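K.L.:
Input structure: my_file29.pdb, which contains PDB, C-alpha atoms and all ligand atoms.
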ATOM      1  CA  MET A   1     -14.770   5.891 -10.398
ATOM      2  CA  PHE A   2     -17.208   5.185  -7.631
ATOM      3  CA  GLN A   3     -18.137   6.872  -4.393
ATOM      4  CA  SER A   4     -17.433   4.881  -1.285
ATOM      5  CA  SER A   5     -19.858   5.212   1.544
ATOM      6  CA  PHE A   6     -17.963   4.969   4.762
ATOM      7  CA  TRP A   7     -18.618   2.261   7.283
ATOM      8  CA  SER A   8     -19.763   2.623  10.850
ATOM      9  CA  GLU A   9     -18.449   0.853  13.912
ATOM     10  CA  SER A  10     -21.445  -1.448  13.886
ATOM     11  CA  ASP A  11     -20.526  -2.664  10.387
ATOM     12  CA  LEU A  12     -17.389  -4.176  11.887
ATOM     13  CA  HIS A  13     -19.544  -6.405  14.029
ATOM     14  CA  GLU A  14     -21.975  -7.509  11.357
ATOM     15  CA  LYS A  15     -22.263 -11.242  11.557
ATOM     16  CA  LYS A  16     -22.544 -11.858   7.845
ATOM     17  CA  TYR A  17     -19.138 -10.350   7.108
ATOM     18  CA  GLU A  18     -17.433 -12.196   9.929
ATOM     19  CA  ILE A  19     -14.163 -10.301  10.081
ATOM     20  CA  LYS A  20     -13.035 -11.700  13.399
ATOM     21  CA  THR A  21      -9.525 -13.083  13.594
ATOM     22  CA  ALA A  22      -9.252 -16.647  12.313
ATOM     23  CA  PRO A  23      -7.356 -19.272  14.368
ATOM     24  CA  TRP A  24      -4.472 -19.442  11.893
ATOM     25  CA  GLN A  25      -4.104 -15.647  12.031
ATOM     26  CA  ARG A  26      -3.706 -15.862  15.784
ATOM     27  CA  PHE A  27      -0.880 -18.325  15.239
ATOM     28  CA  VAL A  28       0.887 -15.859  12.960
ATOM     29  CA  HIS A  29       0.231 -12.984  15.377
ATOM     30  CA  ARG A  30       1.727 -14.862  18.287
ATOM     31  CA  ASP A  31       5.312 -15.028  17.078
ATOM     32  CA  ARG A  32       5.225 -11.627  15.454
ATOM     33  CA  PHE A  33       4.023 -10.032  18.663
ATOM     34  CA  LEU A  34       6.704 -11.800  20.654
ATOM     35  CA  ALA A  35       9.387 -10.841  18.161
ATOM     36  CA  LYS A  36       8.510  -7.190  17.687
ATOM     37  CA  GLY A  37       6.343  -6.142  20.530
ATOM     38  CA  LYS A  38       4.257  -3.029  20.060
ATOM     39  CA  GLY A  39       4.148  -0.756  17.082
ATOM     40  CA  SER A  40       4.869  -1.213  13.465
ATOM     41  CA  PRO A  41       8.221  -1.401  11.643
ATOM     42  CA  GLY A  42       9.230   1.991  10.358
ATOM     43  CA  PHE A  43       6.853   3.713  12.731
ATOM     44  CA  PRO A  44       8.148   2.626  16.115
ATOM     45  CA  HIS A  45       6.776   5.659  17.874
ATOM     46  CA  ALA A  46       3.296   5.355  16.462
ATOM     47  CA  LYS A  47       0.819   4.944  19.210
ATOM     48  CA  VAL A  48      -0.874   1.793  18.080
ATOM     49  CA  ASN A  49      -2.984   0.338  20.746
ATOM     50  CA  ILE A  50      -2.113  -3.305  20.363
ATOM     51  CA  ARG A  51      -2.373  -5.443  23.429
ATOM     52  CA  LYS A  52       0.487  -7.845  23.880
ATOM     53  CA  ARG A  53      -0.913 -11.314  24.172
ATOM     54  CA  ARG A  54       0.306 -13.790  26.702
ATOM     55  CA  TYR A  55       1.732 -16.913  25.120
ATOM     56  CA  SER A  56       4.066 -19.452  26.568
ATOM     57  CA  SER A  57       6.208 -20.545  23.650
ATOM     58  CA  GLU A  58       9.105 -18.713  22.015
ATOM     59  CA  PRO A  59       9.257 -18.196  18.241
ATOM     60  CA  SER A  60      10.576 -21.406  16.729
ATOM     61  CA  GLU A  61      13.320 -21.719  14.156
ATOM     62  CA  LEU A  62      10.923 -23.654  11.949
ATOM     63  CA  LYS A  63       8.407 -20.850  12.068
ATOM     64  CA  ASN A  64      11.041 -18.288  11.099
ATOM     65  CA  LEU A  65      12.069 -20.493   8.217
ATOM     66  CA  LEU A  66       8.493 -20.815   7.050
ATOM     67  CA  LEU A  67       7.908 -17.077   7.188
ATOM     68  CA  SER A  68      11.217 -16.018   5.663
ATOM     69  CA  PRO A  69      10.158 -16.404   2.002
ATOM     70  CA  PHE A  70       7.530 -13.748   2.600
ATOM     71  CA  THR A  71      10.068 -11.204   3.740
ATOM     72  CA  MET A  72      11.757 -11.200   0.312
ATOM     73  CA  TYR A  73      10.279  -9.066  -2.416
ATOM     74  CA  LEU A  74       9.727  -9.522  -6.115
ATOM     75  CA  VAL A  75      10.480  -6.664  -8.484
ATOM     76  CA  ARG A  76       7.828  -7.766 -10.951
ATOM     77  CA  THR A  77       4.606  -9.168  -9.570
ATOM     78  CA  PRO A  78       4.091 -12.602 -11.184
ATOM     79  CA  ARG A  79       0.939 -13.093 -13.239
ATOM     80  CA  ILE A  80      -0.133 -15.978 -11.032
ATOM     81  CA  ILE A  81      -0.306 -13.707  -7.988
ATOM     82  CA  GLN A  82      -2.191 -11.093  -9.995
ATOM     83  CA  SER A  83      -4.719 -13.676 -11.144
ATOM     84  CA  LEU A  84      -5.264 -14.947  -7.603
ATOM     85  CA  PHE A  85      -6.590 -11.516  -6.650
ATOM     86  CA  PRO A  86      -8.411 -10.329  -9.763
ATOM     87  CA  ARG A  87     -10.271  -7.545  -7.965
ATOM     88  CA  PHE A  88      -7.043  -5.827  -6.949
ATOM     89  CA  THR A  89      -5.639  -3.318  -9.425
ATOM     90  CA  TRP A  90      -2.201  -4.511 -10.580
ATOM     91  CA  ARG A  91      -1.725  -2.732 -13.892
ATOM     92  CA  ASN A  92      -3.667  -0.735 -16.436
ATOM     93  CA  SER A  93      -4.872  -3.208 -19.018
ATOM     94  CA  ASP A  94      -5.489  -0.543 -21.685
ATOM     95  CA  HIS A  95      -1.920  -1.067 -22.936
ATOM     96  CA  GLU A  96      -1.513   2.608 -23.715
ATOM     97  CA  LYS A  97       1.985   4.010 -23.402
ATOM     98  CA  VAL A  98       1.360   5.330 -19.927
ATOM     99  CA  VAL A  99       3.108   4.623 -16.624
ATOM    100  CA  HIS A 100       1.430   5.019 -13.256
ATOM    101  CA  LEU A 101       4.009   6.138 -10.704
ATOM    102  CA  THR A 102       2.937   5.714  -7.096
ATOM    103  CA  PHE A 103       4.615   7.148  -4.002
ATOM    104  CA  ASP A 104       3.970   5.515  -0.658
ATOM    105  CA  ASP A 105       4.416   6.521   2.992
ATOM    106  CA  GLY A 106       4.376  10.350   2.751
ATOM    107  CA  PRO A 107       3.588  13.124   2.799
ATOM    108  CA  ILE A 108       6.637  14.586   4.512
ATOM    109  CA  PRO A 109       8.203  18.043   4.063
ATOM    110  CA  GLU A 110      11.716  16.666   3.469
ATOM    111  CA  VAL A 111      10.811  14.578   0.425
ATOM    112  CA  THR A 112       7.306  15.099  -0.980
ATOM    113  CA  PRO A 113       7.767  18.698  -2.279
ATOM    114  CA  TRP A 114      10.920  17.572  -4.066
ATOM    115  CA  VAL A 115       8.962  14.742  -5.707
ATOM    116  CA  LEU A 116       6.263  17.209  -6.790
ATOM    117  CA  GLU A 117       8.915  19.395  -8.422
ATOM    118  CA  GLN A 118      10.356  16.496 -10.380
ATOM    119  CA  LEU A 119       6.914  15.426 -11.571
ATOM    120  CA  ALA A 120       6.014  18.980 -12.629
ATOM    121  CA  ARG A 121       8.943  19.063 -15.052
ATOM    122  CA  TYR A 122       7.254  16.372 -17.136
ATOM    123  CA  ASP A 123       3.635  17.328 -16.519
ATOM    124  CA  ALA A 124       3.472  14.005 -14.755
ATOM    125  CA  ARG A 125       0.539  13.050 -12.572
ATOM    126  CA  ALA A 126       1.074  10.412  -9.928
ATOM    127  CA  THR A 127      -0.700   8.726  -7.044
ATOM    128  CA  PHE A 128       0.394   9.167  -3.432
ATOM    129  CA  PHE A 129      -0.589   6.516  -0.899
ATOM    130  CA  CYS A 130      -0.498   8.543   2.285
ATOM    131  CA  VAL A 131      -0.016   7.460   5.858
ATOM    132  CA  GLY A 132      -2.739   9.174   7.901
ATOM    133  CA  HIS A 133      -0.332  10.036  10.701
ATOM    134  CA  ASN A 134       1.837  11.993   8.232
ATOM    135  CA  VAL A 135      -1.149  13.784   6.713
ATOM    136  CA  GLU A 136      -2.194  14.848  10.190
ATOM    137  CA  LYS A 137       1.285  16.263  10.891
ATOM    138  CA  HIS A 138       1.739  17.866   7.467
ATOM    139  CA  PRO A 139      -1.664  18.926   6.121
ATOM    140  CA  ASP A 140      -0.026  21.663   4.030
ATOM    141  CA  ILE A 141       2.123  19.146   2.162
ATOM    142  CA  TYR A 142      -0.927  16.968   1.587
ATOM    143  CA  GLU A 143      -2.746  19.995   0.160
ATOM    144  CA  GLN A 144       0.139  20.634  -2.220
ATOM    145  CA  VAL A 145      -0.145  17.078  -3.549
ATOM    146  CA  VAL A 146      -3.871  17.455  -4.155
ATOM    147  CA  ASP A 147      -3.600  21.013  -5.564
ATOM    148  CA  ARG A 148      -1.118  19.881  -8.174
ATOM    149  CA  GLY A 149      -3.614  17.441  -9.602
ATOM    150  CA  HIS A 150      -2.261  14.203  -8.162
ATOM    151  CA  LEU A 151      -4.408  11.499  -6.649
ATOM    152  CA  THR A 152      -4.106  10.342  -3.070
ATOM    153  CA  GLY A 153      -4.922   7.002  -1.515
ATOM    154  CA  ASN A 154      -5.290   5.569   1.978
ATOM    155  CA  HIS A 155      -2.238   3.662   3.304
ATOM    156  CA  THR A 156      -3.598   3.178   6.861
ATOM    157  CA  TYR A 157      -3.017   5.645   9.706
ATOM    158  CA  ASN A 158       0.025   3.939  11.256
ATOM    159  CA  HIS A 159       1.405   1.920   8.339
ATOM    160  CA  LEU A 160       0.145  -1.341   9.765
ATOM    161  CA  ASP A 161       1.095  -4.744   8.433
ATOM    162  CA  GLY A 162      -2.171  -6.562   7.709
ATOM    163  CA  TRP A 163      -0.684 -10.030   8.219
ATOM    164  CA  ASN A 164       0.461  -8.979  11.612
ATOM    165  CA  THR A 165      -2.487  -7.020  12.898
ATOM    166  CA  ASP A 166      -5.802  -8.001  14.347
ATOM    167  CA  ASN A 167      -8.576  -7.308  11.837
ATOM    168  CA  MET A 168     -10.478  -4.915  14.074
ATOM    169  CA  ILE A 169      -7.370  -2.854  14.813
ATOM    170  CA  TYR A 170      -6.445  -2.861  11.128
ATOM    171  CA  LEU A 171      -9.833  -1.729   9.858
ATOM    172  CA  ARG A 172     -10.202   0.971  12.495
ATOM    173  CA  ASN A 173      -6.746   2.223  11.515
ATOM    174  CA  VAL A 174      -7.823   2.475   7.870
ATOM    175  CA  ARG A 175     -10.928   4.341   8.940
ATOM    176  CA  LYS A 176      -8.877   6.745  11.060
ATOM    177  CA  ALA A 177      -6.731   7.551   8.000
ATOM    178  CA  ALA A 178      -9.879   8.041   5.916
ATOM    179  CA  ARG A 179     -10.715  11.089   8.018
ATOM    180  CA  MET A 180      -7.650  12.790   6.510
ATOM    181  CA  VAL A 181      -7.314  11.073   3.152
ATOM    182  CA  ASN A 182     -10.425  11.552   1.058
ATOM    183  CA  SER A 183     -10.044   8.740  -1.459
ATOM    184  CA  ASN A 184     -11.543   5.550  -2.824
ATOM    185  CA  LEU A 185      -8.098   4.045  -3.245
ATOM    186  CA  PHE A 186      -6.362   1.859  -0.696
ATOM    187  CA  ARG A 187      -2.956   0.240  -0.732
ATOM    188  CA  PRO A 188      -2.015  -2.106   2.113
ATOM    189  CA  PRO A 189       1.392  -1.300   3.652
ATOM    190  CA  TYR A 190       4.003  -3.899   2.591
ATOM    191  CA  GLY A 191       1.364  -5.216   0.186
ATOM    192  CA  ARG A 192       0.245  -7.452   3.044
ATOM    193  CA  ILE A 193      -3.454  -7.863   3.478
ATOM    194  CA  LEU A 194      -5.476 -10.832   4.624
ATOM    195  CA  PRO A 195      -8.399 -12.060   2.539
ATOM    196  CA  SER A 196     -10.761 -11.175   5.389
ATOM    197  CA  GLN A 197      -9.435  -7.600   5.570
ATOM    198  CA  ALA A 198      -9.554  -7.200   1.794
ATOM    199  CA  HIS A 199     -13.044  -8.624   1.701
ATOM    200  CA  PHE A 200     -14.263  -5.970   4.105
ATOM    201  CA  LEU A 201     -12.341  -3.067   2.569
ATOM    202  CA  GLN A 202     -13.461  -3.888  -0.957
ATOM    203  CA  ARG A 203     -16.922  -2.753  -0.042
ATOM    204  CA  HIS A 204     -15.437   0.743   0.194
ATOM    205  CA  TYR A 205     -12.172   0.819  -1.709
ATOM    206  CA  GLN A 206     -10.399  -0.023  -4.902
ATOM    207  CA  ILE A 207      -7.323  -1.884  -3.657
ATOM    208  CA  VAL A 208      -4.297  -0.839  -5.673
ATOM    209  CA  MET A 209      -1.226  -3.061  -5.784
ATOM    210  CA  TRP A 210       1.513  -2.863  -8.468
ATOM    211  CA  ASP A 211       3.343  -4.792 -11.128
ATOM    212  CA  VAL A 212       6.758  -3.135 -10.615
ATOM    213  CA  LEU A 213       8.368  -2.698  -7.198
ATOM    214  CA  SER A 214      11.436  -0.450  -7.511
ATOM    215  CA  GLY A 215      13.095  -1.599  -4.287
ATOM    216  CA  ASP A 216      13.995   2.009  -3.381
ATOM    217  CA  PHE A 217      13.434   1.058   0.268
ATOM    218  CA  ASP A 218      16.140  -1.622   0.139
ATOM    219  CA  PRO A 219      19.428  -0.398   1.690
ATOM    220  CA  HIS A 220      21.300  -3.263   0.008
ATOM    221  CA  LEU A 221      20.265  -2.162  -3.470
ATOM    222  CA  SER A 222      22.358   0.448  -5.301
ATOM    223  CA  PRO A 223      20.517   3.409  -6.875
ATOM    224  CA  GLU A 224      21.693   2.170 -10.300
ATOM    225  CA  ASP A 225      20.164  -1.267  -9.705
ATOM    226  CA  CYS A 226      16.978   0.316  -8.419
ATOM    227  CA  LEU A 227      16.673   2.318 -11.628
ATOM    228  CA  ALA A 228      17.400  -0.848 -13.625
ATOM    229  CA  ASN A 229      14.657  -2.668 -11.696
ATOM    230  CA  VAL A 230      12.131  -0.207 -13.024
ATOM    231  CA  MET A 231      13.503   0.282 -16.533
ATOM    232  CA  ASN A 232      13.837  -3.465 -17.167
ATOM    233  CA  ASN A 233      10.338  -4.298 -15.971
ATOM    234  CA  VAL A 234       8.157  -1.363 -16.870
ATOM    235  CA  ARG A 235       5.563  -1.893 -19.619
ATOM    236  CA  PRO A 236       2.682   0.164 -20.955
ATOM    237  CA  GLY A 237       0.171   0.445 -18.136
ATOM    238  CA  SER A 238       2.616  -0.487 -15.356
ATOM    239  CA  ILE A 239       1.967   0.601 -11.789
ATOM    240  CA  VAL A 240       5.351   1.381 -10.221
ATOM    241  CA  VAL A 241       6.018   1.638  -6.472
ATOM    242  CA  LEU A 242       8.346   4.341  -5.175
ATOM    243  CA  HIS A 243       8.452   5.955  -1.729
ATOM    244  CA  ASP A 244       8.419   9.567  -0.584
ATOM    245  CA  SER A 245      10.076   8.579   2.670
ATOM    246  CA  LEU A 246      13.331   9.550   4.370
ATOM    247  CA  LYS A 247      14.585   5.991   4.122
ATOM    248  CA  SER A 248      14.297   5.964   0.337
ATOM    249  CA  PHE A 249      15.254   9.559  -0.371
ATOM    250  CA  ALA A 250      18.920   9.072  -1.251
ATOM    251  CA  THR A 251      18.001   6.407  -3.797
ATOM    252  CA  LEU A 252      14.963   8.305  -5.037
ATOM    253  CA  GLN A 253      17.058  11.403  -5.753
ATOM    254  CA  PHE A 254      19.092   9.324  -8.164
ATOM    255  CA  VAL A 255      16.272   7.253  -9.607
ATOM    256  CA  LEU A 256      13.315   9.582 -10.108
ATOM    257  CA  PRO A 257      14.850  12.260 -12.414
ATOM    258  CA  ARG A 258      16.413   9.552 -14.600
ATOM    259  CA  LEU A 259      13.289   7.461 -14.636
ATOM    260  CA  LEU A 260      11.168  10.397 -15.756
ATOM    261  CA  ALA A 261      13.699  11.455 -18.411
ATOM    262  CA  GLU A 262      14.201   7.955 -19.835
ATOM    263  CA  LEU A 263      10.536   7.016 -19.958
ATOM    264  CA  ASP A 264       9.632  10.419 -21.379
ATOM    265  CA  ALA A 265      12.233   9.892 -24.123
ATOM    266  CA  GLN A 266      10.614   6.540 -24.876
ATOM    267  CA  GLY A 267       7.286   8.276 -25.422
ATOM    268  CA  TYR A 268       5.585   7.361 -22.163
ATOM    269  CA  ARG A 269       3.306   9.724 -20.328
ATOM    270  CA  PHE A 270       2.676   9.637 -16.588
ATOM    271  CA  ASP A 271      -0.780   9.491 -15.118
ATOM    272  CA  VAL A 272      -2.661   8.632 -11.935
ATOM    273  CA  VAL A 273      -3.596   4.987 -11.362
ATOM    274  CA  PRO A 274      -6.489   3.742 -13.456
ATOM    275  CA  GLN A 275      -9.698   4.099 -11.518
ATOM    276  CA  ALA A 276     -11.894   1.080 -11.699
ATOM    277  CA  THR A 277     -15.635   0.955 -11.928
ATOM    278  CA  GLU A 278     -17.685  -0.247  -9.023
ATOM    279  CA  ALA A 279     -18.471  -3.546 -10.735
ATOM    280  CA  GLU A 280     -14.791  -4.284 -11.310
ATOM    281  CA  VAL A 281     -13.569  -3.964  -7.748
ATOM    282  CA  LEU A 282     -16.321  -3.809  -5.167
ATOM    283  CA  VAL A 283     -17.280  -6.991  -3.424
ATOM    284  CA  PRO A 284     -21.049  -7.427  -3.566
ATOM    285  CA  GLN A 285     -22.540  -6.813  -0.150
ATOM    286  CA  ALA A 286     -24.211 -10.185   0.026
ATOM    287  CA  MET A 287     -21.079 -12.193  -0.690
ATOM    288  CA  PRO A 288     -20.491 -14.820   1.998
ATOM    289  CA  SER A 289     -17.533 -14.551   4.346
ATOM    290  CA  LEU A 290     -14.144 -15.983   3.447
ATOM    291  CA  LEU A 291     -13.567 -16.975   7.017
ATOM    292  CA  PRO A 292     -15.200 -19.841   8.879
ATOM    293  CA  ALA A 293     -17.898 -18.686  11.242
TER     294      ALA A 293
HETATM  295 ZN    ZN B 301       4.125   1.792   2.828
END
Represent the supplied structure as structure tokens.
P.N.:
Amino acid sequence: MFQSSFWSESDLHEKKYEIKTAPWQRFVHRDRFLAKGKGSPGFPHAKVNIRKRRYSSEPSELKNLLLSPFTMYLVRTPRIIQSLFPRFTWRNSDHEKVVHLTFDDGPIPEVTPWVLEQLARYDARATFFCVGHNVEKHPDIYEQVVDRGHLTGNHTYNHLDGWNTDNMIYLRNVRKAARMVNSNLFRPPYGRILPSQAHFLQRHYQIVMWDVLSGDFDPHLSPEDCLANVMNNVRPGSIVVLHDSLKSFATLQFVLPRLLAELDAQGYRFDVVPQATEAEVLVPQAMPSLLPA
């Protein structure tokens, strides 16, 4: 585990890291801004200060078609994707019989305490990727998570989609969440992060992805199929994504107790995500920018 030193506003403007928005990002932003307007999906009331840009064209059918494959999700993260981003944490490579459960989008009083109770029954430790806005509203729930020995990670302040958000806004949002979430772990909401954003954040964070996505957020997936998603794909060292959110709660209430019982019966234990060493995840400070100047 390493200590991250936090960045200052002036770091965002350092020439050598060049985190300004690339032309192709602006192209992506254009249609997304037109389609959704302000805010972020799931957090429509979040006060995100995103200026609407003025563009003349409407989103094209072709563009929607091109983007649609990215809106689907894969239950198991393919090896090829994992190898494209070797500095991200996808799975524990120790191959011990341990599963790393992660809970995203909390903490909230309606769901998180219930999750903590379920975990306590199996002496399970887990990792909670918290939305800063929720931590600010429910500091007591956040304290409970920490007091019970779980790890927390930064999940931005307003649950921003990195593909859809200007780099400066995105990074400031992460920093805002860091005031409430004291952690070296970061998980990008929706798993969407641009290379330029990751490049900057990896000077301060271990970026934690997953190898098993339960799909508990998917209203078209039955709780039984969600459980099967996990049970059929979990392996020693797997990092599993679940959500302590209202949207997922009905499914989670079915899935989590069964998941814990079945994996426990198979001899698995449950621990926090593996914490990498500095050399494994941090981008060296002198590394050149991924974006054209
Ligand atoms: Zn999330």
K.L.:
Go through A:His243, A:Arg175, A:His220, A:His204 one by one, measure the shortest atom-to-atom distance of each to Tyr190 of chain A using only C-alpha atoms, and give the residue with the smallest value.
P.N.:
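Among the listed residues, A:His243 lies closest to Tyr190 of chain A.
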K.L.:
When you count all atoms listed in the file, which of these residues is closest to ligand ZN 301 (chain B): A:Pro139, A:Gly153, A:Gly132, A:Pro189?
P.N.:
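Of A:Pro139, A:Gly153, A:Gly132, A:Pro189, the one nearest ligand ZN 301 (chain B), counting all atoms listed in the file, is A:Pro189.
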K.L.:
Residues at most 12 Å from ligand ZN 301 (chain B), using all atoms listed in the file? Could they come as a PDB file with C-alpha atoms, in the frame of the given file?
P.N.:
ATOM      1  CA  SER A  40       4.869  -1.213  13.465  1.00  0.00           C
ATOM      2  CA  PRO A  41       8.221  -1.401  11.643  1.00  0.00           C
ATOM      3  CA  GLY A  42       9.230   1.991  10.358  1.00  0.00           C
ATOM      4  CA  PHE A  43       6.853   3.713  12.731  1.00  0.00           C
ATOM      5  CA  THR A 102       2.937   5.714  -7.096  1.00  0.00           C
ATOM      6  CA  PHE A 103       4.615   7.148  -4.002  1.00  0.00           C
ATOM      7  CA  ASP A 104       3.970   5.515  -0.658  1.00  0.00           C
ATOM      8  CA  ASP A 105       4.416   6.521   2.992  1.00  0.00           C
ATOM      9  CA  GLY A 106       4.376  10.350   2.751  1.00  0.00           C
ATOM     10  CA  PRO A 107       3.588  13.124   2.799  1.00  0.00           C
ATOM     11  CA  PHE A 128       0.394   9.167  -3.432  1.00  0.00           C
ATOM     12  CA  PHE A 129      -0.589   6.516  -0.899  1.00  0.00           C
ATOM     13  CA  CYS A 130      -0.498   8.543   2.285  1.00  0.00           C
ATOM     14  CA  VAL A 131      -0.016   7.460   5.858  1.00  0.00           C
ATOM     15  CA  GLY A 132      -2.739   9.174   7.901  1.00  0.00           C
ATOM     16  CA  ASN A 134       1.837  11.993   8.232  1.00  0.00           C
ATOM     17  CA  GLY A 153      -4.922   7.002  -1.515  1.00  0.00           C
ATOM     18  CA  ASN A 154      -5.290   5.569   1.978  1.00  0.00           C
ATOM     19  CA  HIS A 155      -2.238   3.662   3.304  1.00  0.00           C
ATOM     20  CA  THR A 156      -3.598   3.178   6.861  1.00  0.00           C
ATOM     21  CA  TYR A 157      -3.017   5.645   9.706  1.00  0.00           C
ATOM     22  CA  ASN A 158       0.025   3.939  11.256  1.00  0.00           C
ATOM     23  CA  HIS A 159       1.405   1.920   8.339  1.00  0.00           C
ATOM     24  CA  LEU A 160       0.145  -1.341   9.765  1.00  0.00           C
ATOM     25  CA  ASP A 161       1.095  -4.744   8.433  1.00  0.00           C
ATOM     26  CA  GLY A 162      -2.171  -6.562   7.709  1.00  0.00           C
ATOM     27  CA  PHE A 186      -6.362   1.859  -0.696  1.00  0.00           C
ATOM     28  CA  ARG A 187      -2.956   0.240  -0.732  1.00  0.00           C
ATOM     29  CA  PRO A 188      -2.015  -2.106   2.113  1.00  0.00           C
ATOM     30  CA  PRO A 189       1.392  -1.300   3.652  1.00  0.00           C
ATOM     31  CA  TYR A 190       4.003  -3.899   2.591  1.00  0.00           C
ATOM     32  CA  GLY A 191       1.364  -5.216   0.186  1.00  0.00           C
ATOM     33  CA  ARG A 192       0.245  -7.452   3.044  1.00  0.00           C
ATOM     34  CA  MET A 209      -1.226  -3.061  -5.784  1.00  0.00           C
ATOM     35  CA  LEU A 213       8.368  -2.698  -7.198  1.00  0.00           C
ATOM     36  CA  GLY A 215      13.095  -1.599  -4.287  1.00  0.00           C
ATOM     37  CA  ASP A 216      13.995   2.009  -3.381  1.00  0.00           C
ATOM     38  CA  PHE A 217      13.434   1.058   0.268  1.00  0.00           C
ATOM     39  CA  VAL A 241       6.018   1.638  -6.472  1.00  0.00           C
ATOM     40  CA  LEU A 242       8.346   4.341  -5.175  1.00  0.00           C
ATOM     41  CA  HIS A 243       8.452   5.955  -1.729  1.00  0.00           C
ATOM     42  CA  ASP A 244       8.419   9.567  -0.584  1.00  0.00           C
ATOM     43  CA  SER A 245      10.076   8.579   2.670  1.00  0.00           C
ATOM     44  CA  LYS A 247      14.585   5.991   4.122  1.00  0.00           C
ATOM     45  CA  SER A 248      14.297   5.964   0.337  1.00  0.00           C
TER      46      SER A 248
END
K.L.:
Report the distance between atom CA of Val230 of chain A and atom CA of Pro113 of chain A in Å, rounded to one decimal place.
P.N.:
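So the two atoms, atom CA of Val230 of chain A and atom CA of Pro113 of chain A, lie 22.2 Å apart.
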K.L.:
I need the residue nearest Arg235 of chain A from this list: A:Lys176, A:Val111, A:Val99, A:Glu143. Use all atoms listed in the file for the distance.
P.N.:
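The closest residue to Arg235 of chain A is A:Val99.
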K.L.:
Counting all atoms listed in the file, which of A:Leu221, A:Ala265, A:Leu119, A:Val174 gets nearest to Ala198 of chain A?
P.N.:
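Smallest distance to Ala198 of chain A is found for A:Val174.
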K.L.:
From the list A:Asp166, A:Phe249, A:Asn182, A:Arg125, which residue is nearest Leu194 of chain A when using all atoms listed in the file?
P.N.:
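Distance minimum relative to Leu194 of chain A lands on A:Asp166.
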K.L.:
In terms of the shortest atom-to-atom distance over only C-alpha atoms, which of A:Ile141, A:Trp7, A:Gln82, A:Gln206 is closest to Gln275 of chain A?
P.N.:
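Answer, going by the shortest atom-to-atom distance: A:Gln206.
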K.L.:
I need the output of the PyMOL selection byres (((chain A and resi 228) around 12) and not hetatm) for this file as a short mmCIF file (atom, residue, chain, number, x, y, z; two decimals) with C-alpha atoms, in the coordinates of the input; which residues are they?
P.N.:
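File written: out.cif
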data_model
loop_
_atom_site.label_atom_id
_atom_site.label_comp_id
_atom_site.auth_asym_id
_atom_site.auth_seq_id
_atom_site.Cartn_x
_atom_site.Cartn_y
_atom_site.Cartn_z
CA VAL A 75 10.48 -6.66 -8.48
CA VAL A 212 6.76 -3.14 -10.62
CA LEU A 213 8.37 -2.70 -7.20
CA SER A 214 11.44 -0.45 -7.51
CA GLY A 215 13.10 -1.60 -4.29
CA ASP A 216 14.00 2.01 -3.38
CA LEU A 221 20.26 -2.16 -3.47
CA SER A 222 22.36 0.45 -5.30
CA PRO A 223 20.52 3.41 -6.88
CA GLU A 224 21.69 2.17 -10.30
CA ASP A 225 20.16 -1.27 -9.70
CA CYS A 226 16.98 0.32 -8.42
CA LEU A 227 16.67 2.32 -11.63
CA ASN A 229 14.66 -2.67 -11.70
CA VAL A 230 12.13 -0.21 -13.02
CA MET A 231 13.50 0.28 -16.53
CA ASN A 232 13.84 -3.46 -17.17
CA ASN A 233 10.34 -4.30 -15.97
CA VAL A 234 8.16 -1.36 -16.87
CA PHE A 254 19.09 9.32 -8.16
CA VAL A 255 16.27 7.25 -9.61
CA LEU A 256 13.32 9.58 -10.11
CA ARG A 258 16.41 9.55 -14.60
CA LEU A 259 13.29 7.46 -14.64
CA GLU A 262 14.20 7.96 -19.84
#
K.L.:
Do you have the atom CA of Gly237 of chain A-atom CA of Arg76 of chain A distance handy?
P.N.:
13.3 Å
K.L.:
For this file, the PyMOL selection byres (((chain A and resi 120) around 12) and not hetatm) selects which residues, as a list in words?
P.N.:
Pro113, Trp114, Val115, Leu116, Glu117, Gln118, Leu119, Arg121, Tyr122, Asp123, Ala124, Arg125, Ala126, Val145, Arg148, Gly149, His150, Pro257, Leu260, Phe270 and Asp271 of chain A
K.L.:
What is the atom CA of Glu136 of chain A to atom CA of Arg179 of chain A distance in Å?
P.N.:
9.6 Å
